$ cat model_11.cif   # mmCIF, C-alpha atoms and all ligand atoms
data_final
#
loop_
_atom_site.label_atom_id
_atom_site.label_comp_id
_atom_site.auth_asym_id
_atom_site.auth_seq_id
_atom_site.Cartn_x
_atom_site.Cartn_y
_atom_site.Cartn_z
CA MET D 9 0.00 0.00 0.00
CA ARG D 10 2.81 2.37 0.93
CA LEU D 11 4.67 1.54 -2.26
CA LEU D 12 1.57 2.35 -4.33
CA LYS D 13 1.23 5.71 -2.61
CA GLN D 14 4.88 6.55 -3.30
CA LEU D 15 4.55 5.53 -6.94
CA PHE D 16 1.45 7.71 -7.24
CA TRP D 17 3.35 10.78 -6.07
CA VAL D 18 6.31 10.01 -8.31
CA PHE D 19 3.95 9.97 -11.29
CA VAL D 20 2.23 13.17 -10.20
CA VAL D 21 5.58 14.99 -9.95
CA LEU D 22 6.76 13.60 -13.30
CA GLY D 23 3.46 14.54 -14.93
CA VAL D 24 3.56 18.11 -13.66
CA LEU D 25 7.19 18.50 -14.73
CA SER D 26 6.58 17.28 -18.27
CA ALA D 27 3.48 19.46 -18.56
CA VAL D 28 5.54 22.50 -17.58
CA ILE D 29 8.28 21.59 -20.06
CA LEU D 30 5.75 21.05 -22.84
CA ILE D 31 4.14 24.43 -22.18
CA PHE D 32 7.48 26.11 -22.89
CA THR D 33 8.44 23.90 -25.83
CA TYR D 34 5.27 24.71 -27.69
CA ASP D 35 5.51 28.41 -26.89
CA ILE D 36 2.19 28.42 -25.03
CA ILE D 37 3.99 30.65 -22.59
CA LYS D 38 6.59 32.63 -24.50
CA ILE D 39 9.74 33.79 -22.82
CA GLU D 40 12.06 36.27 -24.56
CA TRP D 41 15.33 34.50 -23.88
CA ILE D 42 18.37 36.69 -24.07
CA SER D 43 20.13 36.05 -27.36
CA PHE D 44 23.33 37.89 -28.00
CA MET D 45 22.72 38.24 -31.73
CA GLU D 46 19.81 40.46 -30.83
CA ILE D 47 21.79 42.87 -28.71
CA GLN D 48 22.75 45.05 -31.65
CA PRO D 49 21.12 47.72 -33.79
CA SER D 50 19.52 45.27 -36.18
CA TYR D 51 16.29 45.40 -38.16
CA ARG D 52 13.56 42.85 -38.21
CA PRO D 53 12.05 42.00 -41.58
CA MET D 54 9.67 44.75 -42.77
CA GLU D 55 11.34 47.36 -40.58
CA ASP D 56 12.42 50.41 -42.56
CA PRO D 57 16.18 50.84 -42.73
CA LEU D 58 17.23 54.22 -41.39
CA PRO D 59 18.54 56.81 -43.83
CA PRO D 60 22.34 57.06 -43.98
CA PRO D 61 23.81 59.24 -41.24
CA GLU D 62 24.03 62.95 -41.95
CA ARG D 63 27.11 64.09 -43.92
CA SER D 64 28.05 60.51 -44.86
CA ILE D 65 29.13 59.94 -48.46
CA PRO D 66 29.31 56.74 -50.55
CA VAL D 67 32.67 54.98 -50.77
CA GLU D 68 33.00 56.02 -54.40
CA GLY D 69 32.57 59.70 -53.54
CA ALA D 70 29.62 62.03 -53.37
CA ILE D 71 27.21 61.37 -56.24
CA ALA D 72 24.60 63.99 -55.60
CA ILE D 73 23.92 65.79 -52.39
CA PRO D 74 20.29 66.87 -52.11
CA GLY D 75 19.99 70.62 -52.49
CA MET D 76 23.43 70.94 -54.10
CA PRO D 77 24.11 71.46 -57.82
CA PRO D 78 24.93 68.37 -59.97
CA PRO D 79 28.46 66.97 -59.42
CA GLU D 80 31.49 68.11 -61.44
CA ASN D 81 33.09 65.64 -63.87
CA PRO D 82 36.22 64.30 -62.09
CA VAL D 83 37.32 62.05 -64.98
CA GLU D 84 39.49 63.60 -67.68
CA ALA D 85 38.05 63.05 -71.16
CA ASP D 86 41.20 61.42 -72.53
CA GLU D 87 41.26 58.72 -75.20
CA ALA D 88 41.18 55.85 -72.68
CA SER D 89 38.11 57.22 -70.94
CA VAL D 90 36.24 57.85 -74.21
CA THR D 91 37.11 54.35 -75.46
CA ARG D 92 35.81 52.80 -72.25
CA GLY D 93 32.71 54.97 -72.55
CA ALA D 94 32.09 53.79 -76.12
CA GLU D 95 32.29 50.14 -75.05
CA LEU D 96 29.94 50.72 -72.13
CA TYR D 97 27.57 52.64 -74.39
CA ALA D 98 27.37 49.70 -76.81
CA LEU D 99 26.54 47.40 -73.88
CA HIS D 100 24.15 49.49 -71.81
CA CYS D 101 22.62 52.22 -73.94
CA ALA D 102 22.74 51.33 -77.65
CA MET D 103 19.68 49.05 -77.54
CA CYS D 104 17.54 52.08 -76.75
CA HIS D 105 19.49 55.13 -77.86
CA GLY D 106 20.91 53.43 -80.97
CA GLN D 107 24.40 52.76 -82.28
CA THR D 108 24.60 56.30 -83.62
CA ALA D 109 22.89 57.64 -80.45
CA GLU D 110 20.10 59.25 -82.44
CA GLY D 111 17.43 57.59 -80.32
CA ASN D 112 16.84 54.78 -82.83
CA GLY D 113 18.02 51.57 -81.13
CA PRO D 114 16.36 48.21 -81.84
CA VAL D 115 14.24 48.50 -78.69
CA ALA D 116 13.12 52.08 -79.40
CA PRO D 117 10.09 51.21 -81.59
CA PHE D 118 8.59 49.27 -78.66
CA LEU D 119 8.92 52.08 -76.12
CA ALA D 120 6.06 54.44 -75.37
CA ASN D 121 8.58 57.26 -74.78
CA LYS D 122 11.18 57.58 -77.47
CA PRO D 123 14.79 57.61 -76.25
CA ALA D 124 16.50 60.97 -76.49
CA ASN D 125 18.74 61.77 -79.45
CA LEU D 126 22.02 62.15 -77.60
CA THR D 127 23.70 63.91 -80.53
CA SER D 128 21.09 66.69 -80.51
CA SER D 129 21.81 70.13 -79.20
CA VAL D 130 19.11 69.60 -76.57
CA ALA D 131 20.91 66.61 -75.04
CA GLN D 132 24.34 68.18 -75.50
CA SER D 133 23.26 71.38 -73.77
CA LYS D 134 22.97 69.47 -70.47
CA SER D 135 25.92 69.70 -68.10
CA ASP D 136 28.18 66.68 -67.51
CA GLY D 137 26.74 66.36 -64.01
CA SER D 138 23.19 66.40 -65.30
CA ILE D 139 23.90 63.60 -67.83
CA PHE D 140 25.65 61.70 -65.03
CA LEU D 141 22.55 62.01 -62.85
CA THR D 142 20.31 60.87 -65.73
CA ILE D 143 22.41 57.70 -66.07
CA THR D 144 22.41 57.25 -62.28
CA ASN D 145 18.73 57.83 -61.59
CA GLY D 146 17.15 57.23 -65.00
CA VAL D 147 14.16 59.23 -66.13
CA ASP D 148 11.02 58.42 -64.18
CA GLY D 149 8.96 55.87 -66.10
CA LYS D 150 10.98 56.39 -69.28
CA MET D 151 14.59 55.35 -68.78
CA PRO D 152 15.75 52.86 -66.11
CA PRO D 153 18.25 53.97 -63.45
CA LEU D 154 21.58 52.36 -64.31
CA ASN D 155 23.39 53.01 -61.04
CA GLU D 156 23.38 49.30 -60.21
CA ASN D 157 24.85 48.33 -63.57
CA LEU D 158 27.57 50.97 -63.81
CA LEU D 159 30.21 52.07 -61.33
CA VAL D 160 30.61 55.79 -60.72
CA PRO D 161 33.81 56.11 -62.86
CA GLU D 162 32.11 54.12 -65.63
CA ARG D 163 29.26 56.61 -65.68
CA TRP D 164 31.71 59.47 -66.11
CA ASP D 165 33.41 57.56 -68.97
CA LEU D 166 29.96 57.40 -70.58
CA VAL D 167 29.50 61.14 -70.12
CA ASN D 168 32.88 61.76 -71.77
CA PHE D 169 31.88 59.49 -74.66
CA ILE D 170 28.50 61.19 -75.12
CA ARG D 171 30.32 64.54 -75.37
CA THR D 172 32.17 63.27 -78.47
CA LEU D 173 28.80 62.71 -80.20
CA ALA D 174 27.91 66.40 -80.47
CA GLU D 175 26.77 67.19 -84.00
C1 LIG D 201 15.26 51.23 -71.77
C2 LIG D 201 15.79 52.14 -72.73
C3 LIG D 201 16.92 53.04 -72.31
C4 LIG D 201 18.19 52.70 -71.93
C5 LIG D 201 18.78 51.32 -71.73
C6 LIG D 201 18.91 53.93 -71.74
N1 LIG D 201 18.08 55.00 -71.98
FE1 LIG D 201 18.58 56.95 -71.88
N2 LIG D 201 16.67 57.49 -72.28
C7 LIG D 201 15.66 56.62 -72.60
C8 LIG D 201 14.45 57.36 -72.87
C9 LIG D 201 13.11 56.76 -73.25
C10 LIG D 201 14.78 58.73 -72.70
C11 LIG D 201 13.87 59.92 -72.93
C12 LIG D 201 13.34 60.42 -71.62
C13 LIG D 201 12.48 61.64 -71.83
O1 LIG D 201 11.71 61.66 -72.79
O2 LIG D 201 12.62 62.54 -71.02
C14 LIG D 201 16.19 58.78 -72.35
C15 LIG D 201 16.89 59.95 -72.09
C16 LIG D 201 18.27 60.00 -71.91
C17 LIG D 201 19.03 61.22 -71.78
C18 LIG D 201 18.49 62.62 -71.85
C19 LIG D 201 17.88 63.01 -70.54
C20 LIG D 201 17.45 64.47 -70.57
O3 LIG D 201 17.79 65.12 -69.58
O4 LIG D 201 16.81 64.90 -71.53
C21 LIG D 201 20.33 60.88 -71.63
C22 LIG D 201 21.53 61.80 -71.45
C23 LIG D 201 20.40 59.43 -71.65
N3 LIG D 201 19.11 58.94 -71.83
C24 LIG D 201 21.54 58.69 -71.55
C25 LIG D 201 21.57 57.31 -71.48
C26 LIG D 201 22.79 56.55 -71.30
C27 LIG D 201 24.19 57.13 -71.21
C28 LIG D 201 22.42 55.24 -71.24
C29 LIG D 201 23.31 54.03 -71.01
C30 LIG D 201 24.13 54.04 -69.86
C31 LIG D 201 20.98 55.17 -71.41
N4 LIG D 201 20.51 56.45 -71.54
C32 LIG D 201 20.24 54.00 -71.40
C33 LIG D 201 15.74 55.23 -72.66
C34 LIG D 201 16.86 54.49 -72.33
#

$ encode --input "model_11.cif" --output "C-alpha cells" --more "lines below"
Ligand code: HEC
Amino acid sequence: MRLLKQLFWVFVVLGVLSAVILIFTYDIIKIEWISFMEIQPSYRPMEDPLPPPERSIPVEGAIAIPGMPPPENPVEADEASVTRGAELYALHCAMCHGQTAEGNGPVAPFLANKPANLTSSVAQSKSDGSIFLTITNGVDGKMPPLNENLLVPERWDLVNFIRTLAE
C-alpha cells in the first residue's frame, strides 16, 4: 500500500514537470530568452532601414547631395576614358538610344517614350553632371536607373563618350 502511494506521487511529480516543459516547448507561454545576436542595432524584416547618417558619403565619392548642384566631372576626357565609354555605351545604352545615339536603337520602336537623341543640341546642352545624374537615376517611367549596372567612374566615362557625339 505504501509503495503504491509513493509511486502515485512520483507519477504526479513527473506529470507536472513534463506538462511545464511542454508548455514552454510549444511556446504556449513565451519567454524572450536573451540572445546575443539580438543585442545590436539590427532590423527585423519589414522594418524600414534608417537613412544614412548625416554628412556621410558613398565609398565612391559624393554622387549627388540633395539641395546641391549636380556633381562636377572628375574624370578627364582622354582617349582611354572615351574608349571605355564607347564600349559601355554599346553594352548598356545602344539598344535604346541606338548605335549612332540618335534615339533609334532596336528596342526604341517598342517604347512608349522615345529615347532621347544624344547627338542633338538639346541633349548636349545638359551639363556633364546632369547627364551623369540621368544615367544614375534614370528618367522616371521612361529610362531605367543604371546606377546598379555601372560604377561611378564608368558613368563618367559614358558622359565623356557622349560629349564626343555632339553634331
Ligand atoms: C530602356 C531604354 C533606355 C536605356 C537602356 C537607356 N536610356 Fe537613356 N533614355 C531613354 C528614354 C526613353 C529617354 C527619354 C526620356 C524623356 O523623354 O525625357 C532617355 C533619355 C536620356 C538622356 C536625356 C535626358 C534628358 O535630360 O533629356 C540621356 C543623357 C540618356 N538617356 C543617356 C543614357 C545613357 C548614357 C544610357 C546608357 C548608360 C541610357 N541612356 C540608357 C531610354 C533608355

$ residues_near_ligand --input "model_11.cif" --ligand "ligand LIG 201 (chain D)" --cutoff "8 Å" --atoms "all atoms listed in the file" --output "PyMOL selection string"
chain D and resi 96-97+99-105+111+115-116+119-126+130-131+134+138-140+142-143+146-147+150-152+154+158+163+166-167+170

$ residues_around --input "model_11.cif" --residues "D:Trp164" --least-positions-apart "5" --cutoff "10 Å" --atoms "all atoms listed in the file" --output "ChimeraX atom specification"
/D:80-85,89-90,92-93,136-137,139-140,143,158-159,169-170

$ atom_distance --input "model_11.cif" --atom1 "atom CA of D:Ser128" --atom2 "atom CA of D:Thr172"
11.8 Å

$ atom_distance --input "model_11.cif" --atom1 "atom CA of D:Val160" --atom2 "atom CA of D:Gln132"
20.3 Å

$ axis_aligned_box --input "model_11.cif" --around "stretch 138-153 of chain D" --padding-each-side "6 Å" --output "AutoDock Vina command-line options"
--center_x 17.3 --center_y 59.6 --center_z -65.4 --size_x 28.7 --size_y 25.5 --size_z 19.7

$ closest_residue --input "model_11.cif" --among "D:Leu22, D:Leu12, D:Leu173, D:Ile47" --to "D:Glu110" --atoms "only C-alpha atoms"
D:Leu173

$ atom_distance --input "model_11.cif" --atom1 "atom CA of D:Asn168" --atom2 "atom CA of D:Thr127"
12.9 Å

$ closest_residue --input "model_11.cif" --among "D:Gln107, D:Pro59, D:Glu156, D:Ser26" --to "D:Ala94" --atoms "all atoms listed in the file"
D:Gln107

$ build_atoms --input "model_11.cif" --residues "stretch 89-113 of chain D" --atoms "N, CA and C atoms" --output "PDB file, in the frame of the given file"
ATOM      1  N   SER D  89      39.434  57.079 -71.539  1.00  0.00           N
ATOM      2  CA  SER D  89      38.110  57.220 -70.940  1.00  0.00           C
ATOM      3  C   SER D  89      37.029  57.157 -72.009  1.00  0.00           C
ATOM      4  N   VAL D  90      37.249  57.837 -73.141  1.00  0.00           N
ATOM      5  CA  VAL D  90      36.240  57.850 -74.210  1.00  0.00           C
ATOM      6  C   VAL D  90      36.075  56.447 -74.798  1.00  0.00           C
ATOM      7  N   THR D  91      37.200  55.713 -74.937  1.00  0.00           N
ATOM      8  CA  THR D  91      37.110  54.350 -75.460  1.00  0.00           C
ATOM      9  C   THR D  91      36.301  53.459 -74.524  1.00  0.00           C
ATOM     10  N   ARG D  92      36.594  53.576 -73.222  1.00  0.00           N
ATOM     11  CA  ARG D  92      35.810  52.800 -72.250  1.00  0.00           C
ATOM     12  C   ARG D  92      34.347  53.183 -72.350  1.00  0.00           C
ATOM     13  N   GLY D  93      34.087  54.490 -72.457  1.00  0.00           N
ATOM     14  CA  GLY D  93      32.710  54.970 -72.550  1.00  0.00           C
ATOM     15  C   GLY D  93      31.997  54.381 -73.758  1.00  0.00           C
ATOM     16  N   ALA D  94      32.706  54.323 -74.901  1.00  0.00           N
ATOM     17  CA  ALA D  94      32.090  53.790 -76.120  1.00  0.00           C
ATOM     18  C   ALA D  94      31.705  52.332 -75.933  1.00  0.00           C
ATOM     19  N   GLU D  95      32.597  51.561 -75.278  1.00  0.00           N
ATOM     20  CA  GLU D  95      32.290  50.140 -75.050  1.00  0.00           C
ATOM     21  C   GLU D  95      31.076  49.997 -74.135  1.00  0.00           C
ATOM     22  N   LEU D  96      31.059  50.788 -73.067  1.00  0.00           N
ATOM     23  CA  LEU D  96      29.940  50.720 -72.130  1.00  0.00           C
ATOM     24  C   LEU D  96      28.651  51.152 -72.805  1.00  0.00           C
ATOM     25  N   TYR D  97      28.759  52.160 -73.681  1.00  0.00           N
ATOM     26  CA  TYR D  97      27.570  52.640 -74.390  1.00  0.00           C
ATOM     27  C   TYR D  97      26.976  51.510 -75.229  1.00  0.00           C
ATOM     28  N   ALA D  98      27.852  50.786 -75.958  1.00  0.00           N
ATOM     29  CA  ALA D  98      27.370  49.700 -76.810  1.00  0.00           C
ATOM     30  C   ALA D  98      26.650  48.648 -75.964  1.00  0.00           C
ATOM     31  N   LEU D  99      27.133  48.427 -74.744  1.00  0.00           N
ATOM     32  CA  LEU D  99      26.540  47.400 -73.880  1.00  0.00           C
ATOM     33  C   LEU D  99      25.249  47.851 -73.217  1.00  0.00           C
ATOM     34  N   HIS D 100      25.230  49.085 -72.707  1.00  0.00           N
ATOM     35  CA  HIS D 100      24.150  49.490 -71.810  1.00  0.00           C
ATOM     36  C   HIS D 100      23.135  50.454 -72.412  1.00  0.00           C
ATOM     37  N   CYS D 101      23.490  51.141 -73.468  1.00  0.00           N
ATOM     38  CA  CYS D 101      22.620  52.220 -73.940  1.00  0.00           C
ATOM     39  C   CYS D 101      22.150  52.022 -75.378  1.00  0.00           C
ATOM     40  N   ALA D 102      22.997  51.351 -76.210  1.00  0.00           N
ATOM     41  CA  ALA D 102      22.740  51.330 -77.650  1.00  0.00           C
ATOM     42  C   ALA D 102      21.396  50.691 -77.986  1.00  0.00           C
ATOM     43  N   MET D 103      20.947  49.715 -77.183  1.00  0.00           N
ATOM     44  CA  MET D 103      19.680  49.050 -77.540  1.00  0.00           C
ATOM     45  C   MET D 103      18.525  50.042 -77.549  1.00  0.00           C
ATOM     46  N   CYS D 104      18.597  51.066 -76.741  1.00  0.00           N
ATOM     47  CA  CYS D 104      17.540  52.080 -76.750  1.00  0.00           C
ATOM     48  C   CYS D 104      17.936  53.300 -77.565  1.00  0.00           C
ATOM     49  N   HIS D 105      19.104  53.849 -77.247  1.00  0.00           N
ATOM     50  CA  HIS D 105      19.490  55.130 -77.860  1.00  0.00           C
ATOM     51  C   HIS D 105      20.075  54.945 -79.261  1.00  0.00           C
ATOM     52  N   GLY D 106      20.423  53.700 -79.615  1.00  0.00           N
ATOM     53  CA  GLY D 106      20.910  53.430 -80.970  1.00  0.00           C
ATOM     54  C   GLY D 106      22.416  53.540 -81.083  1.00  0.00           C
ATOM     55  N   GLN D 107      22.959  52.777 -82.052  1.00  0.00           N
ATOM     56  CA  GLN D 107      24.400  52.760 -82.280  1.00  0.00           C
ATOM     57  C   GLN D 107      24.923  54.170 -82.534  1.00  0.00           C
ATOM     58  N   THR D 108      24.159  54.953 -83.299  1.00  0.00           N
ATOM     59  CA  THR D 108      24.600  56.300 -83.620  1.00  0.00           C
ATOM     60  C   THR D 108      24.068  57.321 -82.603  1.00  0.00           C
ATOM     61  N   ALA D 109      23.393  56.826 -81.562  1.00  0.00           N
ATOM     62  CA  ALA D 109      22.890  57.640 -80.450  1.00  0.00           C
ATOM     63  C   ALA D 109      21.807  58.625 -80.863  1.00  0.00           C
ATOM     64  N   GLU D 110      21.138  58.331 -81.985  1.00  0.00           N
ATOM     65  CA  GLU D 110      20.100  59.250 -82.440  1.00  0.00           C
ATOM     66  C   GLU D 110      18.715  58.845 -81.917  1.00  0.00           C
ATOM     67  N   GLY D 111      18.701  57.975 -80.920  1.00  0.00           N
ATOM     68  CA  GLY D 111      17.430  57.590 -80.320  1.00  0.00           C
ATOM     69  C   GLY D 111      16.719  56.513 -81.119  1.00  0.00           C
ATOM     70  N   ASN D 112      17.474  55.735 -81.919  1.00  0.00           N
ATOM     71  CA  ASN D 112      16.840  54.780 -82.830  1.00  0.00           C
ATOM     72  C   ASN D 112      17.372  53.355 -82.638  1.00  0.00           C
ATOM     73  N   GLY D 113      17.554  52.937 -81.389  1.00  0.00           N
ATOM     74  CA  GLY D 113      18.020  51.570 -81.130  1.00  0.00           C
ATOM     75  C   GLY D 113      16.954  50.554 -81.462  1.00  0.00           C
TER      76      GLY D 113
END
